[in-house]
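Just final.csv here, CSV, C-alpha atoms:
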```csv
chain,number,residue,atom,x,y,z
P,1,ALA,CA,29.7,-39.9,4.8
P,2,ASP,CA,26.0,-39.6,3.8
P,3,THR,CA,23.4,-41.8,5.5
P,4,MET,CA,19.8,-42.8,5.0
P,5,ASP,CA,17.0,-44.1,7.3
P,6,LEU,CA,17.5,-47.6,6.0
P,7,TRP,CA,20.9,-47.9,7.8
P,8,LEU,CA,19.4,-46.4,10.9
P,9,ASN,CA,16.7,-49.1,10.8
P,10,ILE,CA,18.8,-52.1,10.0
P,11,ALA,CA,22.4,-51.4,10.9
P,12,LEU,CA,22.4,-48.8,13.7
P,13,PRO,CA,25.2,-50.5,15.7
P,14,ASP,CA,27.5,-50.7,12.7
P,15,LEU,CA,26.7,-47.0,11.9
P,16,LEU,CA,27.6,-46.0,15.5
P,17,ARG,CA,30.9,-47.8,15.3
P,18,LEU,CA,31.7,-46.1,12.0
P,19,LEU,CA,30.9,-42.5,13.0
P,20,PRO,CA,34.1,-42.0,15.2
P,21,ARG,CA,36.1,-42.7,12.1
P,22,VAL,CA,34.2,-40.1,10.0
P,23,ASP,CA,35.2,-36.5,9.6
P,24,GLY,CA,32.1,-35.3,7.9
P,25,PHE,CA,28.5,-36.6,8.2
P,26,VAL,CA,25.5,-35.6,6.2
P,27,LEU,CA,21.9,-36.5,7.0
P,28,ASN,CA,18.4,-35.0,6.6
P,29,ASP,CA,16.4,-33.6,9.5
P,30,SER,CA,14.1,-36.7,9.9
P,31,GLU,CA,17.2,-38.9,10.1
P,32,ALA,CA,18.8,-36.6,12.6
P,33,HIS,CA,15.7,-36.9,14.8
P,34,GLN,CA,15.6,-40.7,14.4
P,35,LEU,CA,19.3,-40.9,15.4
P,36,THR,CA,19.3,-38.5,18.3
P,37,LYS,CA,15.6,-38.4,19.4
P,38,GLU,CA,15.9,-34.6,19.4
P,39,ASP,CA,13.3,-32.3,17.8
P,40,ASN,CA,15.6,-29.3,17.9
P,41,VAL,CA,18.1,-29.4,15.1
P,42,PHE,CA,20.8,-27.7,17.1
P,43,ALA,CA,20.4,-30.1,20.0
P,44,ALA,CA,20.6,-32.9,17.4
P,45,LEU,CA,23.8,-31.4,15.9
P,46,LYS,CA,25.5,-31.4,19.4
P,47,LYS,CA,24.6,-35.1,20.0
P,48,ILE,CA,25.9,-36.1,16.6
P,49,HIS,CA,29.2,-34.4,17.2
P,50,GLN,CA,29.5,-36.4,20.4
P,51,LEU,CA,29.3,-39.6,18.2
P,52,GLY,CA,32.5,-38.5,16.4
P,53,PRO,CA,32.1,-36.4,13.3
P,54,LYS,CA,33.9,-33.0,13.1
P,55,TYR,CA,31.6,-31.6,10.5
P,56,VAL,CA,27.9,-32.3,10.6
P,57,ILE,CA,25.4,-31.1,7.9
P,58,ILE,CA,21.7,-31.5,8.3
P,59,LYS,CA,19.6,-31.2,5.1
P,60,LYS,CA,16.2,-29.6,5.4
P,61,GLY,CA,14.8,-29.8,1.9
P,62,SER,CA,13.4,-26.5,0.7
P,63,HIS,CA,14.6,-24.8,3.9
P,64,GLY,CA,18.3,-25.4,2.9
P,65,SER,CA,20.9,-27.0,5.1
P,66,ILE,CA,22.7,-26.4,8.4
P,67,LEU,CA,26.4,-26.9,9.0
P,68,SER,CA,28.0,-27.3,12.4
P,69,GLY,CA,31.7,-27.4,12.5
P,70,PRO,CA,34.9,-26.1,14.3
P,71,GLN,CA,34.1,-22.6,13.3
P,72,GLY,CA,30.5,-22.6,14.3
P,73,PHE,CA,27.2,-22.8,12.4
P,74,PHE,CA,26.4,-21.9,8.8
P,75,ILE,CA,22.9,-22.0,7.2
P,76,ALA,CA,22.9,-22.4,3.4
P,77,PRO,CA,19.7,-21.5,1.6
P,78,ALA,CA,18.0,-23.7,-0.9
P,79,TYR,CA,18.0,-22.3,-4.4
P,80,PRO,CA,14.5,-20.9,-5.1
P,81,LEU,CA,12.6,-22.7,-7.8
P,82,HIS,CA,9.3,-21.6,-9.4
P,83,LYS,CA,8.5,-25.1,-10.4
P,84,VAL,CA,9.6,-28.5,-8.9
P,85,VAL,CA,9.2,-31.5,-11.2
P,86,ASP,CA,10.6,-34.2,-9.0
P,87,PRO,CA,12.7,-33.8,-5.9
P,88,THR,CA,13.8,-37.4,-5.8
P,89,GLY,CA,17.6,-37.5,-5.5
P,90,ALA,CA,17.9,-33.9,-4.5
P,91,GLY,CA,19.6,-34.7,-1.2
P,92,ASP,CA,22.1,-37.0,-3.0
P,93,SER,CA,22.7,-34.3,-5.6
P,94,PHE,CA,23.4,-31.8,-2.8
P,95,VAL,CA,26.1,-34.0,-1.4
P,96,GLY,CA,27.6,-34.7,-4.8
P,97,GLY,CA,27.7,-31.1,-5.7
P,98,MET,CA,29.3,-30.2,-2.4
P,99,MET,CA,31.9,-32.9,-2.5
P,100,GLY,CA,32.7,-32.1,-6.1
P,101,TYR,CA,33.4,-28.5,-5.1
P,102,LEU,CA,35.5,-29.5,-2.1
P,103,SER,CA,37.6,-32.0,-4.1
P,104,ALA,CA,38.5,-29.3,-6.7
P,105,ALA,CA,39.0,-26.4,-4.2
P,106,LYS,CA,42.4,-25.3,-2.9
P,107,GLY,CA,42.9,-24.9,0.8
P,108,SER,CA,41.4,-26.4,3.9
P,109,VAL,CA,37.9,-27.8,4.4
P,110,ASP,CA,37.1,-25.0,6.8
P,111,ALA,CA,38.0,-22.4,4.1
P,112,ASN,CA,35.7,-24.0,1.5
P,113,ILE,CA,32.9,-26.0,3.0
P,114,ARG,CA,30.4,-23.1,3.2
P,115,ARG,CA,30.7,-22.2,-0.5
P,116,ALA,CA,30.7,-26.0,-1.2
P,117,MET,CA,27.2,-26.1,0.4
P,118,ILE,CA,26.0,-23.4,-1.9
P,119,TYR,CA,27.2,-25.4,-4.9
P,120,GLY,CA,25.5,-28.4,-3.4
P,121,ALA,CA,22.2,-26.5,-3.1
P,122,VAL,CA,22.5,-25.3,-6.7
P,123,THR,CA,23.2,-28.9,-8.0
P,124,ALA,CA,20.1,-30.1,-6.0
P,125,SER,CA,18.0,-27.4,-7.7
P,126,PHE,CA,18.8,-28.8,-11.1
P,127,CYS,CA,17.9,-32.3,-9.9
P,128,CYS,CA,14.4,-31.0,-8.9
P,129,GLU,CA,13.7,-29.6,-12.4
P,130,GLY,CA,13.6,-33.0,-14.1
P,131,MET,CA,12.7,-36.6,-13.8
P,132,GLY,CA,15.4,-38.9,-12.6
P,133,VAL,CA,18.9,-37.8,-13.8
P,134,LYS,CA,17.7,-36.2,-17.0
P,135,LYS,CA,18.4,-32.7,-15.9
P,136,THR,CA,21.4,-33.3,-13.6
P,137,THR,CA,23.4,-35.1,-16.3
P,138,THR,CA,23.0,-32.3,-18.9
P,139,VAL,CA,23.7,-29.3,-16.7
P,140,THR,CA,27.0,-27.4,-17.3
P,141,ARG,CA,29.5,-26.0,-14.9
P,142,GLY,CA,28.6,-22.5,-16.3
P,143,ALA,CA,25.0,-23.0,-15.4
P,144,ILE,CA,25.9,-24.1,-11.8
P,145,GLU,CA,28.3,-21.1,-11.4
P,146,GLN,CA,25.5,-18.7,-12.6
P,147,ARG,CA,23.0,-20.0,-10.0
P,148,ALA,CA,25.6,-19.9,-7.3
P,149,ARG,CA,26.1,-16.2,-8.0
P,150,HIS,CA,22.4,-15.7,-7.8
P,151,LEU,CA,22.4,-16.7,-4.2
P,152,HIS,CA,24.7,-13.8,-3.4
P,153,VAL,CA,26.4,-15.4,-0.4
P,154,ASN,CA,29.4,-13.1,-0.6
P,155,HIS,CA,30.2,-12.5,3.0
P,156,CYS,CA,30.4,-15.3,5.6
P,157,LEU,CA,31.6,-14.5,9.2
P,158,VAL,CA,32.2,-17.4,11.5
P,159,GLY,CA,33.6,-17.8,15.0
P,160,VAL,CA,32.9,-14.2,15.8
P,161,GLY,CA,33.2,-13.1,19.4
P,162,ASP,CA,32.5,-9.4,19.1
P,163,LYS,CA,29.4,-9.4,17.0
P,164,LEU,CA,28.8,-5.7,17.2
P,165,SER,CA,32.2,-4.9,15.9
P,166,ALA,CA,32.0,-7.4,13.1
P,167,LEU,CA,28.5,-6.1,12.1
P,168,SER,CA,29.7,-2.5,12.1
P,169,GLN,CA,32.7,-3.4,9.9
P,170,LEU,CA,30.5,-5.2,7.5
P,171,GLN,CA,28.1,-2.2,7.4
P,172,ALA,CA,31.0,0.1,6.6
P,173,HIS,CA,32.2,-2.2,3.9
P,174,LEU,CA,28.8,-2.4,2.3
P,175,GLN,CA,28.0,1.3,3.0
P,176,LEU,CA,24.8,0.4,4.9
P,177,GLU,CA,23.1,2.5,7.6
P,178,ARG,CA,21.6,1.2,10.8
P,179,GLN,CA,18.1,1.4,9.5
P,180,GLN,CA,19.0,-0.7,6.4
P,181,THR,CA,20.2,-3.6,8.6
P,182,ALA,CA,18.2,-6.5,10.0
P,183,PHE,CA,19.8,-9.0,12.3
P,184,ILE,CA,18.5,-12.4,13.4
P,185,GLY,CA,19.9,-14.2,16.4
P,186,ASP,CA,18.8,-16.7,19.1
P,187,ASP,CA,20.9,-16.1,22.2
P,188,LEU,CA,21.5,-13.3,24.7
P,189,ASN,CA,24.9,-12.3,23.3
P,190,ASP,CA,23.0,-11.2,20.1
P,191,LEU,CA,21.6,-8.3,22.1
P,192,THR,CA,25.0,-6.6,21.7
P,193,VAL,CA,24.2,-5.7,18.1
P,194,ARG,CA,21.2,-3.7,19.1
P,195,PRO,CA,23.0,-0.3,18.5
P,196,ALA,CA,23.9,-1.2,14.9
P,197,THR,CA,20.6,-2.8,13.7
P,198,GLY,CA,17.3,-1.3,12.7
P,199,LEU,CA,15.5,-4.6,13.1
P,200,LEU,CA,16.5,-7.2,15.7
P,201,VAL,CA,14.8,-10.5,15.0
P,202,CYS,CA,14.5,-13.7,17.1
P,203,PRO,CA,13.3,-17.2,16.2
P,204,ALA,CA,10.4,-18.7,18.2
P,205,ASP,CA,12.8,-20.8,20.3
P,206,GLY,CA,15.4,-18.0,21.0
P,207,ALA,CA,16.5,-17.2,24.5
P,208,ARG,CA,13.8,-15.7,26.7
P,209,GLY,CA,15.7,-12.5,27.4
P,210,LEU,CA,16.3,-11.9,23.7
P,211,ARG,CA,12.6,-12.6,22.8
P,212,ARG,CA,11.6,-9.9,25.3
P,213,GLN,CA,13.8,-7.3,23.7
P,214,ALA,CA,13.6,-8.3,20.0
P,215,ASP,CA,11.7,-6.1,17.5
P,216,TRP,CA,10.1,-9.2,16.0
P,217,VAL,CA,9.8,-12.8,17.2
P,218,LEU,CA,9.2,-15.2,14.4
P,219,ARG,CA,6.7,-18.0,14.3
P,220,ARG,CA,9.3,-20.6,13.2
P,221,ARG,CA,12.0,-22.0,15.3
P,222,GLY,CA,15.7,-21.9,14.6
P,223,GLY,CA,16.7,-24.5,12.0
P,224,ASP,CA,13.0,-25.0,11.1
P,225,GLY,CA,12.5,-22.2,8.5
P,226,ALA,CA,13.0,-19.1,10.7
P,227,VAL,CA,15.5,-17.5,8.2
P,228,ARG,CA,13.2,-18.3,5.3
P,229,GLU,CA,10.2,-16.7,7.2
P,230,LEU,CA,12.2,-13.5,7.7
P,231,ALA,CA,13.5,-13.4,4.1
P,232,GLU,CA,10.0,-13.9,2.6
P,233,ALA,CA,8.6,-11.2,4.9
P,234,LEU,CA,11.3,-8.7,4.0
P,235,LEU,CA,10.9,-9.4,0.2
P,236,GLN,CA,7.2,-8.8,0.4
```

Can I see the file as structure tokens?
Amino acid sequence: ADTMDLWLNIALPDLLRLLPRVDGFVLNDSEAHQLTKEDNVFAALKKIHQLGPKYVIIKKGSHGSILSGPQGFFIAPAYPLHKVVDPTGAGDSFVGGMMGYLSAAKGSVDANIRRAMIYGAVTASFCCEGMGVKKTTTVTRGAIEQRARHLHVNHCLVGVGDKLSALSQLQAHLQLERQQTAFIGDDLNDLTVRPATGLLVCPADGARGLRRQADWVLRRRGGDGAVRELAEALLQ
């Protein structure tokens, strides 16, 4: 289910009765705040789960989207555009692209929802490049596939207990050294990866103990552009 602020304003009791019957729920960050009264996106996700949905995705515009589900969190980037013509409808395009991928994919929702979010982000990017549905209705599957490959989300580890072991295995697979590895985390258990990372990064609202020992504390909070801040700084 995808919602909008209108239903929160005029039909909130009906929406709250519906949510226990919904498996997946998509809304943007301002709607999540309006619904839960939480400024922190992760606190909002927790409260929305308590209302019923198993999968919750919060859209954050140019900062991408955040999934919370049975296998943990996943942050999908927005596709980078050099020029935005009109972002109207981008959120709906994201949901359409995501659901289109899920409906055609084989296997469980858990196995496909993360890549589906990437396809949603790509579909939304085409929407932003034209007025109305002009661009979206002419885009081809091949063009969508090409942009999805550009995002290079080839490895997605979820529900990991031993983060150091998982990171070390990924480094071996990609043939990366410690000094070639940056890691961003927000809780004390992320300190366990210190021996395997050359740059340990923490968002502004990370656990106090992690902030004290991190190599770099970002200006942005988790779920509010922290990953983008890190990515842009590394690319520069």

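Counting only C-alpha atoms, the residue from P:Tyr79, P:Lys60, P:Gly97, P:Ser68 that sits nearest to P:Arg149 is P:Tyr79.
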
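With only C-alpha atoms taken into account, every residue lying no more than 12 Å from the file point (25.4, -3.8, 23.3) is included here: P:Asp162, P:Lys163, P:Leu164, P:Ser165, P:Leu167, P:Leu188, P:Asn189, P:Asp190, P:Leu191, P:Thr192, P:Val193, P:Arg194, P:Pro195, P:Ala196, P:Thr197.
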
Residue selection dump (C-alpha atoms) as a PDB file, keeping the file's coordinate frame:
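Output saved as part-v3.pdb:
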```pdb
ATOM      1  CA  ASP P 162      32.500  -9.400  19.100  1.00  0.00           C
ATOM      2  CA  LYS P 163      29.400  -9.400  17.000  1.00  0.00           C
ATOM      3  CA  LEU P 164      28.800  -5.700  17.200  1.00  0.00           C
ATOM      4  CA  SER P 165      32.200  -4.900  15.900  1.00  0.00           C
ATOM      5  CA  LEU P 167      28.500  -6.100  12.100  1.00  0.00           C
ATOM      6  CA  LEU P 188      21.500 -13.300  24.700  1.00  0.00           C
ATOM      7  CA  ASN P 189      24.900 -12.300  23.300  1.00  0.00           C
ATOM      8  CA  ASP P 190      23.000 -11.200  20.100  1.00  0.00           C
ATOM      9  CA  LEU P 191      21.600  -8.300  22.100  1.00  0.00           C
ATOM     10  CA  THR P 192      25.000  -6.600  21.700  1.00  0.00           C
ATOM     11  CA  VAL P 193      24.200  -5.700  18.100  1.00  0.00           C
ATOM     12  CA  ARG P 194      21.200  -3.700  19.100  1.00  0.00           C
ATOM     13  CA  PRO P 195      23.000  -0.300  18.500  1.00  0.00           C
ATOM     14  CA  ALA P 196      23.900  -1.200  14.900  1.00  0.00           C
ATOM     15  CA  THR P 197      20.600  -2.800  13.700  1.00  0.00           C
TER      16      THR P 197
END
```

Please produce, as a tab-separated table, a per-residue contact table for stretch 30-144 of chain P versus stretch 9-25 of chain P (criterion: any atom at most 10 Å away, all atoms listed in the file considered), showing the nearest atom pair and its distance in Å to one decimal, sorted by chain then residue number.
```
residue	atom	partner	partner_atom	distance
P:Gln34	CA	P:Asn9	CA	9.2
P:Leu35	CA	P:Leu12	CA	8.7
P:Ile48	CA	P:Phe25	CA	8.8
P:His49	CA	P:Pro20	CA	9.3
P:Gln50	CA	P:Pro20	CA	8.9
P:Leu51	CA	P:Pro20	CA	6.1
P:Gly52	CA	P:Pro20	CA	4.0
P:Pro53	CA	P:Asp23	CA	4.8
P:Lys54	CA	P:Asp23	CA	5.1
P:Tyr55	CA	P:Gly24	CA	4.5
P:Val56	CA	P:Phe25	CA	5.0
P:Ile57	CA	P:Phe25	CA	6.3
P:Ile58	CA	P:Phe25	CA	8.5
P:Leu67	CA	P:Phe25	CA	10.0
P:Gly69	CA	P:Gly24	CA	9.2
```

Q | Close residues, P:Lys59 itself excluded, 7 Å, all atoms listed in the file, min 4 positions apart in chain, as JSON, numbers by chain | A | {"P": [27, 28, 29, 64, 65, 66]}

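In this comparison, which uses all atoms listed in the file, the residue of P:Leu8, P:Ala76, P:Val133, P:Leu102 approaching P:Ala121 most closely is P:Ala76.
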
Q.
I want to know what sits within 9 Å of P:Val122, based on all atoms listed in the file, with residues of the same chain fewer than 6 positions away left out; could you give that as a ChimeraX atom specification?
A. /P:78-79,94,97,144-145,147-148,151

Output C-alpha atoms for every residue in the selection just made, as a tab-separated table (two decimals), in the coordinates of the input.
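Result file part_39.tsv:
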```tsv
chain	number	residue	atom	x	y	z
P	78	ALA	CA	18.00	-23.70	-0.90
P	79	TYR	CA	18.00	-22.30	-4.40
P	94	PHE	CA	23.40	-31.80	-2.80
P	97	GLY	CA	27.70	-31.10	-5.70
P	144	ILE	CA	25.90	-24.10	-11.80
P	145	GLU	CA	28.30	-21.10	-11.40
P	147	ARG	CA	23.00	-20.00	-10.00
P	148	ALA	CA	25.60	-19.90	-7.30
P	151	LEU	CA	22.40	-16.70	-4.20
```

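Residue nearest P:Asn154 within the list P:Ala32, P:Leu174, P:Val84, P:Leu218: P:Leu174 [criterion: smallest interatomic distance, only C-alpha atoms].
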
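Between P:Ser93 and the candidates P:Lys135, P:Lys37, P:Arg221, P:His155, the tightest atom-to-atom separation, counting only C-alpha atoms, involves P:Lys135.
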
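Shortest atom-to-atom contact with P:Pro77 among P:Ser108, P:Thr140, P:Ser103, P:Ser125: P:Ser125, counting all atoms listed in the file.
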
Can you sort out the box for stretch 218-224 of chain P, edges along x, y and z, all listed atoms in, 3 Å on every side, with centre and edge lengths in Å to one decimal, as lines of an AutoDock Vina configuration file?
```
center_x = 11.7
center_y = -20.1
center_z = 13.2
size_x = 16.0
size_y = 15.8
size_z = 10.2
```

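If you look at atom CA of P:Leu6 and atom CA of P:Pro87, they are 18.8 Å away from each other.
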